[in-house]
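Here the structure is laid out as structure tokens; the discussion comes afterwards.
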Amino acid sequence: MCVDNTPPPPGRLTRRGVLAGAAALAGTSAVLAGTAPGASAASGASGEARGSSGRGGDLVVDGGRLLDPLTGEVTEDAVVVITGGVVRAAGPRGRLGTRTPSGVPVLRAHGQWILPGLVDAHIHLNTATEARDAVLKGATSARSGSTNFYQDVAVRELARQVPERAPRLRAAGIFVTPDLGDTILADPDLAPLARLRDGVRSAEALRRVVEVNLARGADTIKTRVNERAGLPEQDPLVQVYDHEQLSTIVAAARRGGKGVLCHSYSEKGCHDAVTAGIRSLEHGAFVGERTLREMRRRGTYFTPTLTAIAGLAESSDPVLAERGRTYLPVLKRAVLAAHELGVPLAAGTDSSGGTVDPIGREVELMHAAGLSALDAIRTATTGAARLLGFGSTAGRLARGFAGDVLVVDGDPLADLGVLSRPARVVRTGFPVPAV
């Protein structure tokens with residue numbers, strides 16, 4: 001959990017070669033050289049609804065029941081019109097029938113349900129294959145939980161060039177953590193930190209890692225306050241950064257106009273992270289009521305990554321399995337308490353190590369924690385979209401939003417399991433091929 005180590009990229013990686021080097025590591029360089037099927041060479045519209053240089057697709061999604069997560073409204077026999085990768089109209093056939101453009105490809109959805117593409121607010125994407133798998137499993141937008149060598153920066157660019165191959169992404173760059181390990185090789189400017197006997201702990205060292213991330217194009221900063229739950233030799237209740245160190249990281253990120261997501265488990269660690277000014281609390285199994293109230297006051301998001309904790313309970317390692325069985329019910333209670341207090345929640349799988357979990361599974365676990373089906377869906381649509389700064393782009397199928405669509409074989413309000421088995425996925429107007 002929270003990033004498995006991967007081999008460093010071969011050869012010299014210079015700042016001038018950031019995207020090329022990261023793309024090669026992510027296995028995307030060949031893809032970046034291509035063009036999306038049906039894409040125009042003309043520049044698309046501003047914002048994240050279209051790629052920075054490629055135009056989105058044109059598509060009509062015809063029939064089916066359309067769910068708007070914001071209002072909870074269900075529209076029967078709906079039509080969604082997407083041009084240039086952007087929703088131009090969405091509503092009942094009777095109102096939109098005469099406005100449906102001719103000559104545009106049609107995706108028939110009769111007897112099915114139509115939702116906006118889902119948002120995974122905590123995922124580790126190290127390769128082009130993982131990025132594509134995330135889209136196929138329903139995550140058309142995402143936030144990186146960090147990578148080892150800036151692969152997420154390349155994945156973000158891949159998503160802009162060939163949106164069918166990757167989710168719209170907020171990149172976190174490398175983890176701000178005491179022991180960088182081989183990640184010290186991610187950028188030459190990190191090399192001086194190898195001299196530090198105690199690792200990345202001083203204010204100067206913490207600022208250096210943040211500044212290198214910002215220079216490499218990170219959209220957000222990822223740090224930790226506790227050790228990892230996914231390593232049996234570590235104790236996730238041990239604190240590795242104190243309030244002052246976390247405040248230094250937050251201040252450095254804010255100078256670059258970025259927020260911070262923080263890997264957290266212990267009650268004190270969660271409180272220190274929140275009061276230091278982080279944007280979102282990740283995992284947070286033992287977050288206390290005083291911290292949840294502070295989160296509500298500050299507007300701090302909670303991304304519990306229930307999928308990852310549930311996965312621990314299924315581990316073959318007895319230490320991890322016991323940890324998962326112990327933490328999962330505690331975390332579910334924390335999620336329900338947060339929801340009842342009005343703390344904003346975001347769904348995230350914490351997928352890593354080559355396996356991508358469907359974001360729909362996290363929605364199911366949110367529901368199992370006590371949220372209504374609609375509120376659980378909101379954590380992976382409107383809620384997560386706001387956290388990522390995609391509030392006017394993702395999370396709904398309304399005029400001006402991205403043409404990211406999930407078509408499912410069943411009523412998600414009655415059976416959230418259908419979200420983990422999408423019948424079709426559309427990314428900025430392009431139907432995503434199964435393979």
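As shown in the structure tokens, the chain order sets the letters A, B, ...; within each chain, residues go from 1, and ligands are also counted from 1 in the order they appear.
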
Residues near Arg224 in chain A, cut-off 8 Å, only C-alpha atoms, skip fewer than 3 positions along chain, as number ranges by chain: A: 176-177, 227, 240-241, 262-264

Suppose we keep C-alpha atoms; can you now write the selection as a compact mmCIF listing (two decimals), in the first residue's frame?
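What follows is the written file out33.txt:
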```txt
# COMPACT_ATOMS: atom_id res chain seq x y z
CA VAL A 176 7.82 13.12 0.88
CA THR A 177 9.01 10.47 3.33
CA GLU A 227 4.49 4.11 8.94
CA VAL A 240 7.42 9.51 11.50
CA TYR A 241 6.77 13.27 11.16
CA CYS A 262 -1.26 12.69 3.98
CA HIS A 263 -0.92 8.94 4.69
CA SER A 264 -2.19 8.63 8.28
```

Please report as a tab-separated table every residue of range 333-430 of chain A lying within 12 Å of range 278-291 of chain A, along with the nearest atom pair and their distance in Å (one decimal), using only C-alpha atoms.
```
residue	atom	partner	partner_atom	distance
A:Arg333	CA	A:Ala285	CA	8.9
A:Ala334	CA	A:Val287	CA	6.8
A:Val335	CA	A:Ala285	CA	8.8
A:Leu336	CA	A:Glu289	CA	11.4
A:Ala337	CA	A:Glu289	CA	7.8
A:Ala338	CA	A:Glu289	CA	8.3
A:His339	CA	A:Glu289	CA	11.7
A:Glu340	CA	A:Glu289	CA	11.2
A:Leu341	CA	A:Glu289	CA	9.1
A:Val343	CA	A:Thr291	CA	10.3
A:Pro344	CA	A:Ser280	CA	9.4
A:Leu345	CA	A:Ser280	CA	9.2
A:Ala346	CA	A:Ser280	CA	9.0
A:Ala347	CA	A:Glu282	CA	10.2
A:Gly348	CA	A:Glu282	CA	8.8
A:Thr349	CA	A:His283	CA	10.1
A:Asp350	CA	A:His283	CA	9.1
A:Ala384	CA	A:Ser280	CA	10.7
A:Arg386	CA	A:Arg279	CA	11.6
A:Leu387	CA	A:Ser280	CA	8.1
A:Leu388	CA	A:Arg279	CA	10.1
A:Gly389	CA	A:Arg279	CA	11.6
```

Selection file, N, CA, C and O atoms, as an mmCIF file, in the first residue's frame:
```cif
data_model
loop_
_atom_site.group_PDB
_atom_site.id
_atom_site.type_symbol
_atom_site.label_atom_id
_atom_site.label_comp_id
_atom_site.auth_asym_id
_atom_site.auth_seq_id
_atom_site.Cartn_x
_atom_site.Cartn_y
_atom_site.Cartn_z
ATOM 1 N N ARG A 333 -16.365 2.559 10.959
ATOM 2 C CA ARG A 333 -17.020 3.436 11.943
ATOM 3 C C ARG A 333 -16.556 4.875 11.777
ATOM 4 O O ARG A 333 -17.350 5.815 11.920
ATOM 5 N N ALA A 334 -15.280 5.048 11.472
ATOM 6 C CA ALA A 334 -14.754 6.396 11.256
ATOM 7 C C ALA A 334 -15.398 7.046 10.031
ATOM 8 O O ALA A 334 -15.711 8.243 10.039
ATOM 9 N N VAL A 335 -15.600 6.255 8.967
ATOM 10 C CA VAL A 335 -16.238 6.773 7.755
ATOM 11 C C VAL A 335 -17.661 7.233 8.047
ATOM 12 O O VAL A 335 -18.074 8.330 7.636
ATOM 13 N N LEU A 336 -18.416 6.424 8.756
ATOM 14 C CA LEU A 336 -19.785 6.797 9.081
ATOM 15 C C LEU A 336 -19.819 8.026 9.979
ATOM 16 O O LEU A 336 -20.631 8.943 9.765
ATOM 17 N N ALA A 337 -18.929 8.076 10.961
ATOM 18 C CA ALA A 337 -18.876 9.242 11.849
ATOM 19 C C ALA A 337 -18.538 10.502 11.060
ATOM 20 O O ALA A 337 -19.137 11.569 11.275
ATOM 21 N N ALA A 338 -17.585 10.387 10.136
ATOM 22 C CA ALA A 338 -17.213 11.534 9.302
ATOM 23 C C ALA A 338 -18.403 12.003 8.476
ATOM 24 O O ALA A 338 -18.692 13.207 8.387
ATOM 25 N N HIS A 339 -19.102 11.055 7.867
ATOM 26 C CA HIS A 339 -20.256 11.396 7.029
ATOM 27 C C HIS A 339 -21.342 12.082 7.854
ATOM 28 O O HIS A 339 -21.900 13.102 7.420
ATOM 29 N N GLU A 340 -21.621 11.553 9.020
ATOM 30 C CA GLU A 340 -22.666 12.138 9.862
ATOM 31 C C GLU A 340 -22.294 13.526 10.374
ATOM 32 O O GLU A 340 -23.168 14.367 10.605
ATOM 33 N N LEU A 341 -20.998 13.784 10.522
ATOM 34 C CA LEU A 341 -20.542 15.107 10.965
ATOM 35 C C LEU A 341 -20.450 16.106 9.814
ATOM 36 O O LEU A 341 -20.274 17.299 10.043
ATOM 37 N N VAL A 343 -18.114 15.757 7.214
ATOM 38 C CA VAL A 343 -16.767 15.779 6.639
ATOM 39 C C VAL A 343 -16.847 15.284 5.197
ATOM 40 O O VAL A 343 -17.431 14.225 4.944
ATOM 41 N N PRO A 344 -16.286 16.010 4.232
ATOM 42 C CA PRO A 344 -16.360 15.545 2.841
ATOM 43 C C PRO A 344 -15.542 14.280 2.636
ATOM 44 O O PRO A 344 -14.397 14.180 3.085
ATOM 45 N N LEU A 345 -16.133 13.309 1.960
ATOM 46 C CA LEU A 345 -15.507 12.016 1.715
ATOM 47 C C LEU A 345 -15.167 11.856 0.241
ATOM 48 O O LEU A 345 -15.912 12.304 -0.635
ATOM 49 N N ALA A 346 -14.039 11.188 -0.021
ATOM 50 C CA ALA A 346 -13.649 10.878 -1.400
ATOM 51 C C ALA A 346 -13.250 9.421 -1.482
ATOM 52 O O ALA A 346 -12.575 8.896 -0.594
ATOM 53 N N ALA A 347 -13.660 8.752 -2.543
ATOM 54 C CA ALA A 347 -13.355 7.338 -2.736
ATOM 55 C C ALA A 347 -11.983 7.173 -3.372
ATOM 56 O O ALA A 347 -11.639 7.880 -4.317
ATOM 57 N N GLY A 348 -11.208 6.231 -2.833
ATOM 58 C CA GLY A 348 -9.900 5.918 -3.401
ATOM 59 C C GLY A 348 -9.547 4.485 -3.099
ATOM 60 O O GLY A 348 -9.806 4.004 -1.991
ATOM 61 N N THR A 349 -8.953 3.779 -4.046
ATOM 62 C CA THR A 349 -8.664 2.354 -3.865
ATOM 63 C C THR A 349 -7.284 2.081 -3.292
ATOM 64 O O THR A 349 -7.042 1.014 -2.751
ATOM 65 N N ASP A 350 -6.349 3.032 -3.444
ATOM 66 C CA ASP A 350 -4.940 2.821 -3.083
ATOM 67 C C ASP A 350 -4.356 1.646 -3.868
ATOM 68 O O ASP A 350 -3.472 0.931 -3.381
ATOM 69 N N ALA A 384 -15.384 13.384 -4.848
ATOM 70 C CA ALA A 384 -13.985 13.232 -5.238
ATOM 71 C C ALA A 384 -13.593 14.249 -6.303
ATOM 72 O O ALA A 384 -12.457 14.748 -6.308
ATOM 73 N N ARG A 386 -14.624 17.322 -6.623
ATOM 74 C CA ARG A 386 -14.331 18.601 -5.969
ATOM 75 C C ARG A 386 -12.956 18.577 -5.312
ATOM 76 O O ARG A 386 -12.213 19.558 -5.389
ATOM 77 N N LEU A 387 -12.610 17.477 -4.662
ATOM 78 C CA LEU A 387 -11.308 17.370 -4.028
ATOM 79 C C LEU A 387 -10.192 17.565 -5.041
ATOM 80 O O LEU A 387 -9.195 18.247 -4.768
ATOM 81 N N LEU A 388 -10.351 16.972 -6.222
ATOM 82 C CA LEU A 388 -9.305 17.035 -7.239
ATOM 83 C C LEU A 388 -9.307 18.324 -8.050
ATOM 84 O O LEU A 388 -8.457 18.520 -8.916
ATOM 85 N N GLY A 389 -10.280 19.197 -7.782
ATOM 86 C CA GLY A 389 -10.381 20.418 -8.577
ATOM 87 C C GLY A 389 -11.058 20.205 -9.907
ATOM 88 O O GLY A 389 -10.934 21.017 -10.822
#
```

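With only C-alpha atoms taken into account, the protein and nucleic acid residues at most 10 Å from Ala194 in chain A (excluding it and anything under 4 positions from it in its own chain) are Asp179, Leu180, Gly181, Ile184, Leu185, Leu190, Asp198, Gly199 and Val200 of chain A.
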
Helix (DSSP H, G or I) positions in range 60-224 of chain A, given as a VMD selection string: chain A and resid 93 to 99 128 to 136 151 to 161 163 to 165 181 to 186 188 to 195 203 to 215

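Close contacts of range 171-175 of chain A, defined as residues with an atom at most 7 Å away when counting only C-alpha atoms, with chain neighbours fewer than 5 positions off set aside, comprise Arg143, Ser144, Gly145, Ser146, Thr147, Asn148, Phe149, Tyr150, Asp152, Val153, Arg156, Asn213, Ala218, Asp219, Thr220, Ile221, Lys222 and Thr223 of chain A.
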
Neighbour list for range 54-63 of chain A as a PyMOL selection string, cut-off 6 Å, only C-alpha atoms, skip fewer than 6 positions in-chain: chain A and resi 39-40+43-44+77-85+104-110+161+428-430

CA of Ala142 in chain A to CA of Ala128 in chain A, straight-line distance in Å: 14.2 Å

Strand (DSSP E or B) per DSSP on the backbone: members of range 102-346 of chain A, as a PyMOL selection string: chain A and resi 106-108+113-116+118-123+139-144+168-170+176+221-224+226+239+260-264+280-283+301-303+345

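The residue that comes closest to Ala434 in chain A, out of A:Arg361, A:Arg421, A:His271, A:Arg323 and on the basis of only C-alpha atoms, is A:Arg421.
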
Contacts of Gly354 in chain A within 9 Å, only C-alpha atoms, excl. fewer than 5 positions in-chain, as a PyMOL selection string: chain A and resi 124-127+129-130
